[in-house]
Each structure stands twice: as C-alpha cells, then as structure tokens.
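Student: Input: one structure, supplied below.
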Amino acid sequence: MCFVFLTQTRELLFDMTSLLTFPKGGVHPPEAKERTASLAIETMPVPDELEVILGQHIGAPCTPTVAAKAEVREGDIIGEVTKGLGVPLHAPVAATVKGVFQSAHPMRVSAPALLLVTNSEIPAVRYSRLDWELCGRDELLKKVHGAGIIGIGGAGFPSHVKLNPPPDNPVDTLILNGAECEPYITADHRQMLEFSQEIVEGARVILKILGIKDCRIGIENNKPDAIAAMTKAAAAASSASAQITVHPLKVKYPQGSEKQLIQSITGRKVPAFALPSAVGVVVHNVSTTKAIHDAIVLGKPLYEKVMTVSGKGISRPANLLVKVGTRVSDIVAYLGGVTPALAKIVMGGPMMGFAISTLDIPVTKTTSSVLFLAEDEIDTRPHSQCIRCGWCVEACPMGLEPKEVAIHVEADRAQDTAQFGVFECFECGCCAYVCPAKRPLVQFMRLAKMKAKR
C-alpha cells in the first residue's frame, strides 16, 4: 500500500459544534475536491476491450460461466460463485469472450480476468421501470444477489448478506453513507446531486427488505448542494413506513468509516470485531443504494461504475460513468493524456488508495477514483525513526497505538502487537498523515496483521 501525504500542518479536530461527528481522533487534510465537484457525470465511450476481474468482492472469486469465443450480451452472467460468499458477475457490454487472462491488480499484483472484445454493432440495453413494491422481502433479496450488488464505497462486501442480518441482532436503523470524506473524490457527491430521487427510492427498497422504517443519510457539511438535494428528495419520499432524514456531518476524516459514521449519527459504539447489526444498524453507501435501486426498480445488474479522475497530472479531470473492466489506460486516452507534472498514480483515494505502476489495470466495482498527482500534491521525503510525539495516538479514530505496532514490527515482534489493537485497525491512514517523522505506519499495521496471523 502506498499513501499520499498531502502538505499539511498538525490539524487535529477536537472542537464540538452542532454538526455531528465522532469523538475520538480524526484529521482534516486539504479537501482538493474543487477540480471535480462541479463537473457533471459523463458517460465514457465503451473501449474496444474490457478486462473483467473475476474477484470483484470479499469472498470467493467467480468461476467463469462462459468459454472462449462465446458471444455475450450486456447484462448476461459471465461468472458465478458456487461455494462460499459471493455474487454473480455480468457482462458490461455485448462482446465476444477472448478467454481468461491474468490482469494487473493494484493490491494482489495480478488476478484472473475475463477478456471481452466489445461488439459495438449491438445497441445498449434499455431498462424500464418495474413495480417492485409488489415484491416480498425474499424476492427482493434474491434480486439484489442476482444483480451482483456489493458495497461500492468500501471493501466490496456482498450486499445481500448485509441486508440479511442475524436474527439475534434486530436492526432498527438504516444509515446511508454520503460522507465521502477522502480528499479529491466527488463521485458520491455528484450522484447525490444527479440521482437523489433514485438513491432515496433505493433506501425505501432497503427499508422494506430490513422491515424497518428509520433511514438516516449522513453527508459532510462541505457538500451543501448535496444536502439540499437529498433533503428535498427524502422529504418527498418519506411516509409512515419510511422515515428518511438527512444529517449534516462535520468535515473530518474518516467520517465515512462505518463505525465512526454510526457513532456520529446514532451515538452507538460498535464493539471491537462486531458488525454494525450488533448495535441495531445497517450501513450502505449512497452509490451502493443507487445500484440497489437500479437492480430492483429497473432490473439492471451492477456492471458500470461512477468514479472520479483528478489531480494535476491528468489533462482533464472528470467524474466518469465507466464500464467495469475499463483499463486506466483507456480512461487516460479519453481524457487527453497525462501532464508533464505527473509524479504518482493512485487507484482509490489519497488516504487509503494504492499507488500503481502501470496503466493496464482495469476498473472494478469498488474503484472510487484514479488520481494523477503532481510533485506538489505528494510528499516523497524519506521517513525517520519514531520521536515518541504521540500524534498518531491522538489521531487514531479507533484509539489504537500505531507507534507501538511499528516499533514491534521493526523489532521482529509482530506476534506481540494484538495488545495494541492491530486487528481493529481499518487502515484509514490518519496515523501516517500526522506523523512528523513520515513513518509508513499503515504499512507497518498491515505487515503486523500478516505476520501475527501466521
């Protein structure tokens, strides 16, 4: 993992205002959203080839259901999970299957993928509205699974599983995550502006599946236009069976983290290693909720993705709707190429994303952004030894001790780091961001987890 350290001062936020927030830690990096916040979502033309990675979600990767030379149409199932946790994979376009190849991957180096050759002569599928309100809970759940819906804004957890919490954990609240707290990224922002009614109707679908009526939408206060649009849509859609409200949040990273968001909005604290359902809450990203709307209301599977392309290293920043499997190289070509200032490319956000060394990496369902960063947008100074300042401890939203984990890893004692909460770390990057010694603390946390599990 490679974090981008934006030029910063020690800007920890501890003051309490009328805006909702979580009580422990957090940082406020420069937002850098102005390049794309006002840019409407544009649909990128379909490239000649798509690389659709078979492992798009947490759980077992898909097994191809099509062979080389097979002809597939947009929305056809091309991969399924027969054992274990997972969802089916769908063809993003009408295409000819070239076969299974190894594709570059930002985290796993490489991964098996289906290579599809686009058939541009077949027109795109047009979807029409379905009367979903006549469907029962089980039927709706089946449709969510069949459409291949996963958590778009996070790690890719299959949505049908999250929508079916254990019976011993009764749920009373749905939270929609519209915080979008990472710098640069504006994909959720634009969807809340352009598809507010669809997101709210998706929330109504989820409420029906869960059998509850309370939905709260959390949006950081640096998106007043999104707050206004979602508030209007929520008011219009609310009823006795679906009470949907918008809650402005303080601008503080990582406000969009699941546990922090729950505490900000409800005051409930999720216990260590427990799921949100343990405190009666289910959380879905607003983009995932839009995908659930499309699956249930339109019958459209998840095979395209809204993402942000930004940074001083790209000729034209944009919020793009792209087909899953589109290579970064095709995105770069569509946006006019890179600039001479380019110094680093990051897939994902600057706090939790991964630096990539090739443009031949395809977009997956969870790709939120690709950032093309110039020298003045990153910090490449070498790190030094820990100076015991404690800033990382103050910044950690989970109350962990990153400095101790790092020191133990350097001493080859990773097996002793559980006492410092290493397995509760969700790798937000707050510790590394504030470290004056520029120590790669999140990389140390990841290494400690890997070694401690052996």
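Ligands are numbered from 1 in the order shown, residues from 1 within each chain, and chains are lettered A, B, ... in the order they appear in the structure tokens.
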Residues of region 25-90 of chain A within 10 Å of region 212-227 of chain A: nearest atom pair and distance (Å, one decimal) for each, counting only C-alpha atoms, sorted by chain and number, as a Markdown table?

Tutor:
```
| residue | atom | partner | partner_atom | distance |
| --- | --- | --- | --- | --- |
| A:Glu31 | CA | A:Asn222 | CA | 9.3 |
| A:Lys33 | CA | A:Asn222 | CA | 9.8 |
| A:Ala37 | CA | A:Lys223 | CA | 8.9 |
```

Student: Kindly save the residues from that selection, with N, CA and C atoms included, as a tab-separated table (two decimals), in the first residue's frame.

Tutor:
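Contents of again.tsv, as written:
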```tsv
chain	number	residue	atom	x	y	z
A	31	GLU	N	-8.97	19.29	1.19
A	31	GLU	CA	-10.03	18.52	0.54
A	31	GLU	C	-9.78	18.27	-0.95
A	33	LYS	N	-11.22	18.92	-3.62
A	33	LYS	CA	-12.38	18.45	-4.37
A	33	LYS	C	-12.85	19.46	-5.42
A	37	ALA	N	-15.85	18.77	-8.24
A	37	ALA	CA	-17.13	18.85	-7.53
A	37	ALA	C	-18.25	19.42	-8.39
```

Student: Would you please give, as a PyMOL selection string, all residues of region 44-246 of chain A that DSSP assigns to strand (DSSP E) based on the backbone?

Tutor: chain A and resi 49-53+63-64+71-72+77-80+89-90+95-105+109-118+173-178+214-220+243-246

Student: Please dump the current selection as a short mmCIF file (atom, residue, chain, number, x, y, z; two decimals), in the first residue's frame; keep N, CA and C atoms.

Tutor:
```
data_model
loop_
_atom_site.label_atom_id
_atom_site.label_comp_id
_atom_site.auth_asym_id
_atom_site.auth_seq_id
_atom_site.Cartn_x
_atom_site.Cartn_y
_atom_site.Cartn_z
N GLU A 49 -11.83 -3.22 -25.76
CA GLU A 49 -11.67 -4.41 -24.92
C GLU A 49 -11.93 -4.05 -23.46
N LEU A 50 -12.42 -5.05 -22.70
CA LEU A 50 -12.61 -4.90 -21.26
C LEU A 50 -11.97 -6.09 -20.56
N GLU A 51 -11.32 -5.82 -19.44
CA GLU A 51 -10.76 -6.88 -18.59
C GLU A 51 -11.59 -6.95 -17.31
N VAL A 52 -12.46 -7.92 -17.21
CA VAL A 52 -13.36 -8.02 -16.07
C VAL A 52 -12.78 -9.01 -15.06
N ILE A 53 -12.23 -8.48 -13.98
CA ILE A 53 -11.59 -9.31 -12.96
C ILE A 53 -12.63 -10.21 -12.29
N THR A 63 -16.27 -18.08 -10.76
CA THR A 63 -15.83 -19.05 -11.75
C THR A 63 -16.49 -18.69 -13.08
N PRO A 64 -15.74 -18.59 -14.17
CA PRO A 64 -16.35 -18.21 -15.45
C PRO A 64 -17.45 -19.18 -15.85
N GLU A 71 -20.35 -15.64 -27.39
CA GLU A 71 -20.95 -14.31 -27.58
C GLU A 71 -21.85 -14.01 -26.39
N VAL A 72 -21.66 -12.86 -25.77
CA VAL A 72 -22.48 -12.49 -24.62
C VAL A 72 -23.14 -11.14 -24.89
N ILE A 77 -24.89 -13.13 -17.35
CA ILE A 77 -23.99 -13.63 -16.31
C ILE A 77 -22.79 -14.29 -16.97
N ILE A 78 -21.60 -13.87 -16.58
CA ILE A 78 -20.37 -14.45 -17.13
C ILE A 78 -19.51 -15.11 -16.06
N GLY A 79 -19.93 -15.00 -14.80
CA GLY A 79 -19.21 -15.64 -13.70
C GLY A 79 -20.13 -15.83 -12.51
N GLU A 80 -19.95 -16.95 -11.80
CA GLU A 80 -20.77 -17.23 -10.62
C GLU A 80 -19.92 -17.80 -9.51
N LEU A 89 -21.24 -12.28 -11.65
CA LEU A 89 -20.58 -11.25 -12.45
C LEU A 89 -21.28 -11.16 -13.79
N HIS A 90 -21.46 -9.93 -14.29
CA HIS A 90 -22.23 -9.73 -15.51
C HIS A 90 -21.39 -9.05 -16.60
N ALA A 95 -20.39 -8.56 -26.23
CA ALA A 95 -18.97 -8.80 -26.54
C ALA A 95 -18.73 -10.25 -26.90
N THR A 96 -17.53 -10.48 -27.41
CA THR A 96 -17.02 -11.83 -27.64
C THR A 96 -15.99 -12.14 -26.57
N VAL A 97 -16.13 -13.29 -25.93
CA VAL A 97 -15.18 -13.68 -24.88
C VAL A 97 -13.89 -14.16 -25.53
N LYS A 98 -12.80 -13.51 -25.18
CA LYS A 98 -11.50 -13.91 -25.72
C LYS A 98 -10.86 -15.00 -24.88
N GLY A 99 -11.21 -15.01 -23.59
CA GLY A 99 -10.67 -16.04 -22.70
C GLY A 99 -10.33 -15.47 -21.34
N VAL A 100 -9.74 -16.31 -20.48
CA VAL A 100 -9.31 -15.90 -19.14
C VAL A 100 -7.82 -15.59 -19.18
N PHE A 101 -7.46 -14.40 -18.72
CA PHE A 101 -6.07 -13.97 -18.72
C PHE A 101 -5.72 -13.40 -17.35
N GLN A 102 -4.44 -13.23 -17.10
CA GLN A 102 -4.02 -12.59 -15.86
C GLN A 102 -4.03 -11.07 -16.08
N SER A 103 -4.73 -10.38 -15.21
CA SER A 103 -4.82 -8.94 -15.28
C SER A 103 -4.02 -8.31 -14.15
N ALA A 104 -3.47 -7.13 -14.40
CA ALA A 104 -2.79 -6.40 -13.33
C ALA A 104 -3.81 -6.01 -12.26
N HIS A 105 -3.37 -5.99 -11.00
CA HIS A 105 -4.26 -5.69 -9.88
C HIS A 105 -3.53 -4.78 -8.91
N VAL A 109 -1.23 -7.68 -7.18
CA VAL A 109 -0.26 -7.70 -8.29
C VAL A 109 -0.93 -8.18 -9.57
N SER A 110 -1.53 -9.37 -9.52
CA SER A 110 -2.24 -9.86 -10.69
C SER A 110 -3.45 -10.67 -10.24
N ALA A 111 -4.43 -10.82 -11.13
CA ALA A 111 -5.64 -11.56 -10.82
C ALA A 111 -6.25 -12.06 -12.11
N PRO A 112 -6.91 -13.23 -12.08
CA PRO A 112 -7.54 -13.74 -13.30
C PRO A 112 -8.72 -12.86 -13.72
N ALA A 113 -8.84 -12.65 -15.01
CA ALA A 113 -9.91 -11.80 -15.54
C ALA A 113 -10.38 -12.34 -16.88
N LEU A 114 -11.66 -12.09 -17.17
CA LEU A 114 -12.20 -12.41 -18.48
C LEU A 114 -11.93 -11.24 -19.42
N LEU A 115 -11.33 -11.53 -20.55
CA LEU A 115 -11.07 -10.50 -21.55
C LEU A 115 -12.21 -10.53 -22.56
N LEU A 116 -12.89 -9.39 -22.70
CA LEU A 116 -14.04 -9.28 -23.59
C LEU A 116 -13.72 -8.32 -24.72
N VAL A 117 -14.03 -8.73 -25.94
CA VAL A 117 -13.88 -7.87 -27.12
C VAL A 117 -15.26 -7.30 -27.44
N THR A 118 -15.37 -5.99 -27.34
CA THR A 118 -16.67 -5.32 -27.47
C THR A 118 -17.27 -5.49 -28.86
N THR A 173 -32.27 0.73 12.44
CA THR A 173 -31.84 1.94 11.75
C THR A 173 -31.01 1.61 10.51
N LEU A 174 -31.34 2.25 9.40
CA LEU A 174 -30.52 2.20 8.19
C LEU A 174 -29.79 3.53 8.06
N ILE A 175 -28.48 3.47 7.87
CA ILE A 175 -27.69 4.68 7.63
C ILE A 175 -27.15 4.62 6.21
N LEU A 176 -27.38 5.69 5.45
CA LEU A 176 -26.76 5.83 4.13
C LEU A 176 -25.54 6.72 4.26
N ASN A 177 -24.43 6.24 3.77
CA ASN A 177 -23.14 6.93 3.90
C ASN A 177 -22.91 7.83 2.69
N GLY A 178 -23.11 9.13 2.88
CA GLY A 178 -22.82 10.12 1.84
C GLY A 178 -21.71 11.05 2.28
N ASP A 214 -36.75 3.56 9.73
CA ASP A 214 -35.88 4.70 10.04
C ASP A 214 -34.63 4.69 9.18
N CYS A 215 -34.49 5.67 8.29
CA CYS A 215 -33.29 5.81 7.45
C CYS A 215 -32.68 7.19 7.69
N ARG A 216 -31.39 7.23 7.97
CA ARG A 216 -30.68 8.48 8.20
C ARG A 216 -29.52 8.58 7.21
N ILE A 217 -29.46 9.69 6.52
CA ILE A 217 -28.44 9.89 5.50
C ILE A 217 -27.40 10.88 6.02
N GLY A 218 -26.16 10.44 6.15
CA GLY A 218 -25.09 11.30 6.65
C GLY A 218 -24.29 11.89 5.52
N ILE A 219 -24.19 13.23 5.48
CA ILE A 219 -23.45 13.93 4.42
C ILE A 219 -22.57 14.99 5.06
N GLU A 220 -21.29 15.02 4.72
CA GLU A 220 -20.40 16.04 5.27
C GLU A 220 -20.84 17.44 4.83
N GLN A 243 -39.33 6.67 7.06
CA GLN A 243 -38.98 8.00 7.57
C GLN A 243 -37.51 8.25 7.25
N ILE A 244 -37.26 9.08 6.25
CA ILE A 244 -35.91 9.31 5.73
C ILE A 244 -35.49 10.73 6.06
N THR A 245 -34.36 10.87 6.74
CA THR A 245 -33.87 12.19 7.14
C THR A 245 -32.41 12.34 6.78
N VAL A 246 -31.99 13.60 6.56
CA VAL A 246 -30.59 13.91 6.22
C VAL A 246 -29.92 14.56 7.43
#
```

Student: If you run DSSP over the backbone, which residues in region 16-183 of chain A end up alpha helix (DSSP H)? Put them as number ranges by chain.

Tutor: A: 137-146, 159-162

Student: Take CA of Gly390 (chain A) and CA of Ser257 (chain A) and report the distance between them in Å, one decimal.

Tutor: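 CA of Ser257 (chain A) lies at a distance of 22.5 Å from CA of Gly390 (chain A).
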
Student: Just the number, please: distance in Å from CA of Leu134 (chain A) to CA of Lys300 (chain A), one decimal.

Tutor: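 Between CA of Leu134 (chain A) and CA of Lys300 (chain A) the gap is 17.8 Å.
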
Student: Between A:Ala91, A:Met398, A:Val434, A:Val286, which has the minimum distance to Gly325 (chain A) (counting only C-alpha atoms)?

Tutor: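 Selected residue with least distance to Gly325 (chain A): A:Ala91.
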
Student: What's around Asp188 (chain A) at 9 Å? Count only C-alpha atoms, leave out sequence neighbours fewer than 3 positions away in its own chain, and write the answer as a list in words.

Tutor: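 Contacts, with the query itself left out: Gly153, Gly178, Ala179, Glu180, Ile185, Gln191, Met192, Leu193, Asn285, Val286, Ser287, Val306, Met307 and Ser368 of chain A.
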
Student: How about saving the chosen residues, C-alpha atoms kept, as a CSV table (one decimal), in the first residue's frame?

Tutor:
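Saved the output as again_38.csv:
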```csv
chain,number,residue,atom,x,y,z
A,153,GLY,CA,-17.9,2.5,-1.4
A,178,GLY,CA,-22.8,10.1,1.8
A,179,ALA,CA,-19.8,11.5,3.8
A,180,GLU,CA,-17.3,10.9,1.0
A,185,ILE,CA,-13.2,12.1,-4.6
A,191,GLN,CA,-24.6,11.0,-7.6
A,192,MET,CA,-26.4,12.6,-4.7
A,193,LEU,CA,-26.9,15.7,-6.8
A,285,ASN,CA,-23.0,3.8,0.8
A,286,VAL,CA,-25.2,6.1,-1.3
A,287,SER,CA,-23.6,4.7,-4.5
A,306,VAL,CA,-19.2,6.2,-11.4
A,307,MET,CA,-15.7,7.3,-10.5
A,368,SER,CA,-13.9,5.1,-6.5
```

Student: Restricting the calculation to only C-alpha atoms, which member of A:Trp132, A:Tyr433, A:Phe426, A:Phe22 is positioned closest to Gln263 (chain A)?

Tutor: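 Closest to Gln263 (chain A) of all the choices is A:Phe22.
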
Student: A:Ala124, A:Ile378, A:Ala187, A:Met445: which is nearest Pro30 (chain A), counting only C-alpha atoms?

Tutor: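 Result for the nearest residue to Pro30 (chain A): A:Ile378.
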
Student: Expressed in Å to a single decimal, how great is the separation between CA of Gly429 (chain A) and CA of Gly349 (chain A)?

Tutor: 10.8 Å

Student: I'd like the contact shell of Met351 (chain A) - 12 Å cut-off, only C-alpha atoms, skipping same-chain residues fewer than 2 positions apart - returned as an MDAnalysis selection string.

Tutor: chainID A and resid 1:6 27:31 181:185 253:254 346:349 353:355 369 371 378 426:434 440 442

Student: Please dump the current selection as a PDB file, in the first residue's frame; keep C-alpha atoms.

Tutor:
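To be explicit, this is the file written out as out.pdb:
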```
ATOM      1  CA  MET A   1       0.000   0.000   0.000  1.00  0.00           C
ATOM      2  CA  CYS A   2       1.226   3.470  -0.807  1.00  0.00           C
ATOM      3  CA  PHE A   3      -0.226   6.505   0.909  1.00  0.00           C
ATOM      4  CA  VAL A   4      -0.039  10.003  -0.485  1.00  0.00           C
ATOM      5  CA  PHE A   5       0.871  12.541   2.149  1.00  0.00           C
ATOM      6  CA  LEU A   6      -0.570  15.911   1.301  1.00  0.00           C
ATOM      7  CA  VAL A  27      -7.794  14.663  10.789  1.00  0.00           C
ATOM      8  CA  HIS A  28      -8.704  17.281   8.213  1.00  0.00           C
ATOM      9  CA  PRO A  29      -6.453  17.005   5.162  1.00  0.00           C
ATOM     10  CA  PRO A  30      -6.838  19.521   2.324  1.00  0.00           C
ATOM     11  CA  GLU A  31     -10.033  18.523   0.541  1.00  0.00           C
ATOM     12  CA  CYS A 181     -14.574  12.176   3.367  1.00  0.00           C
ATOM     13  CA  GLU A 182     -11.447  11.310   1.362  1.00  0.00           C
ATOM     14  CA  PRO A 183      -9.801  14.207  -0.495  1.00  0.00           C
ATOM     15  CA  TYR A 184     -10.272  14.558  -4.284  1.00  0.00           C
ATOM     16  CA  ILE A 185     -13.172  12.098  -4.621  1.00  0.00           C
ATOM     17  CA  TYR A 253     -11.711  12.314   8.095  1.00  0.00           C
ATOM     18  CA  PRO A 254     -12.562   9.376   8.417  1.00  0.00           C
ATOM     19  CA  VAL A 346      -3.080   6.270  -7.117  1.00  0.00           C
ATOM     20  CA  MET A 347      -6.049   3.963  -7.529  1.00  0.00           C
ATOM     21  CA  GLY A 348      -8.552   4.970  -4.869  1.00  0.00           C
ATOM     22  CA  GLY A 349      -8.277   7.931  -2.527  1.00  0.00           C
ATOM     23  CA  GLY A 353      -5.640   4.057  -2.087  1.00  0.00           C
ATOM     24  CA  PHE A 354      -2.782   2.151  -3.696  1.00  0.00           C
ATOM     25  CA  ALA A 355      -0.073   3.536  -5.935  1.00  0.00           C
ATOM     26  CA  SER A 369     -11.219   7.122  -8.218  1.00  0.00           C
ATOM     27  CA  LEU A 371      -5.674  10.144  -9.065  1.00  0.00           C
ATOM     28  CA  ILE A 378       2.544  14.337  -2.654  1.00  0.00           C
ATOM     29  CA  PHE A 426      -9.073  -0.403   9.307  1.00  0.00           C
ATOM     30  CA  GLU A 427      -6.080   1.345   7.708  1.00  0.00           C
ATOM     31  CA  CYS A 428      -7.561   4.827   7.388  1.00  0.00           C
ATOM     32  CA  GLY A 429      -4.110   6.452   7.311  1.00  0.00           C
ATOM     33  CA  CYS A 430      -4.689   9.132   9.971  1.00  0.00           C
ATOM     34  CA  CYS A 431      -1.616   7.998  11.891  1.00  0.00           C
ATOM     35  CA  ALA A 432       0.703   8.165   8.892  1.00  0.00           C
ATOM     36  CA  TYR A 433      -0.781  11.503   7.830  1.00  0.00           C
ATOM     37  CA  VAL A 434       0.090  13.299  11.080  1.00  0.00           C
ATOM     38  CA  PRO A 440       4.737   4.453   6.954  1.00  0.00           C
ATOM     39  CA  VAL A 442      -0.229   1.891   7.946  1.00  0.00           C
TER      40      VAL A 442
END
```

Student: What lies within 9 Å of Val422 (chain A) using only C-alpha atoms, ignoring chain neighbours under 5 positions off, as JSON, numbers by chain?

Tutor: {"A": [400, 401, 402, 405, 417, 445, 446, 448, 449]}

Student: Would you mind exporting the chosen residues as a PDB file, in the first residue's frame, restricted to C-alpha atoms?

Tutor:
```pdb
ATOM      1  CA  LEU A 400      -5.030   2.367  18.936  1.00  0.00           C
ATOM      2  CA  GLU A 401      -1.277   2.746  19.351  1.00  0.00           C
ATOM      3  CA  PRO A 402       0.233   2.715  15.849  1.00  0.00           C
ATOM      4  CA  VAL A 405       2.874  -1.618  16.478  1.00  0.00           C
ATOM      5  CA  THR A 417       1.023  -6.442  18.534  1.00  0.00           C
ATOM      6  CA  MET A 445      -0.018  -2.168  10.640  1.00  0.00           C
ATOM      7  CA  ARG A 446      -0.661  -4.282   7.556  1.00  0.00           C
ATOM      8  CA  ALA A 448       1.848  -6.787  11.640  1.00  0.00           C
ATOM      9  CA  LYS A 449      -1.519  -8.303  10.749  1.00  0.00           C
TER      10      LYS A 449
END
```

Student: Of the candidates A:Ala94, A:Ala236, A:Leu249, A:Val171, which shows the shortest atom-to-atom distance to Leu210 (chain A), using only C-alpha atoms?

Tutor: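 Using only C-alpha atoms, the shortest distance to Leu210 (chain A) belongs to A:Val171.
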
Student: Which one is closest to Arg137 (chain A): A:Val270, A:Ile296, A:Leu39, A:Ile122? Count only C-alpha atoms.

Tutor: A:Ile296

Student: Using only C-alpha atoms, can you tell me which of A:Val251, A:Phe195, A:Ser238, A:Glu424 comes closest to Pro271 (chain A)?

Tutor: A:Glu424

Student: Report as a PyMOL selection string all protein, DNA and RNA residues lying within 9 Å of Pro170 (chain A), evaluated on only C-alpha atoms, omitting residues in the same chain fewer than 4 positions from it.

Tutor: chain A and resi 165-166+277-281

Student: Those same residues - N, CA and C atoms - I'd like them written as a PDB file, in the first residue's frame.

Tutor:
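Listed below is the output, again.pdb:
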```
ATOM      1  N   PRO A 165     -29.298  -9.494   8.197  1.00  0.00           N
ATOM      2  CA  PRO A 165     -28.538  -9.605   9.446  1.00  0.00           C
ATOM      3  C   PRO A 165     -29.009 -10.781  10.292  1.00  0.00           C
ATOM      4  N   PRO A 166     -28.158 -11.243  11.216  1.00  0.00           N
ATOM      5  CA  PRO A 166     -28.542 -12.365  12.084  1.00  0.00           C
ATOM      6  C   PRO A 166     -29.802 -12.043  12.880  1.00  0.00           C
ATOM      7  N   SER A 277     -24.724  -4.504  12.862  1.00  0.00           N
ATOM      8  CA  SER A 277     -26.005  -5.053  13.306  1.00  0.00           C
ATOM      9  C   SER A 277     -26.020  -5.353  14.793  1.00  0.00           C
ATOM     10  N   ALA A 278     -24.834  -5.450  15.406  1.00  0.00           N
ATOM     11  CA  ALA A 278     -24.758  -5.679  16.854  1.00  0.00           C
ATOM     12  C   ALA A 278     -25.335  -4.517  17.641  1.00  0.00           C
ATOM     13  N   VAL A 279     -25.366  -3.320  17.024  1.00  0.00           N
ATOM     14  CA  VAL A 279     -25.970  -2.164  17.680  1.00  0.00           C
ATOM     15  C   VAL A 279     -27.226  -1.713  16.926  1.00  0.00           C
ATOM     16  N   GLY A 280     -27.796  -2.618  16.147  1.00  0.00           N
ATOM     17  CA  GLY A 280     -29.070  -2.346  15.502  1.00  0.00           C
ATOM     18  C   GLY A 280     -29.012  -1.483  14.264  1.00  0.00           C
ATOM     19  N   VAL A 281     -27.870  -1.480  13.569  1.00  0.00           N
ATOM     20  CA  VAL A 281     -27.688  -0.590  12.426  1.00  0.00           C
ATOM     21  C   VAL A 281     -27.192  -1.369  11.207  1.00  0.00           C
TER      22      VAL A 281
END
```
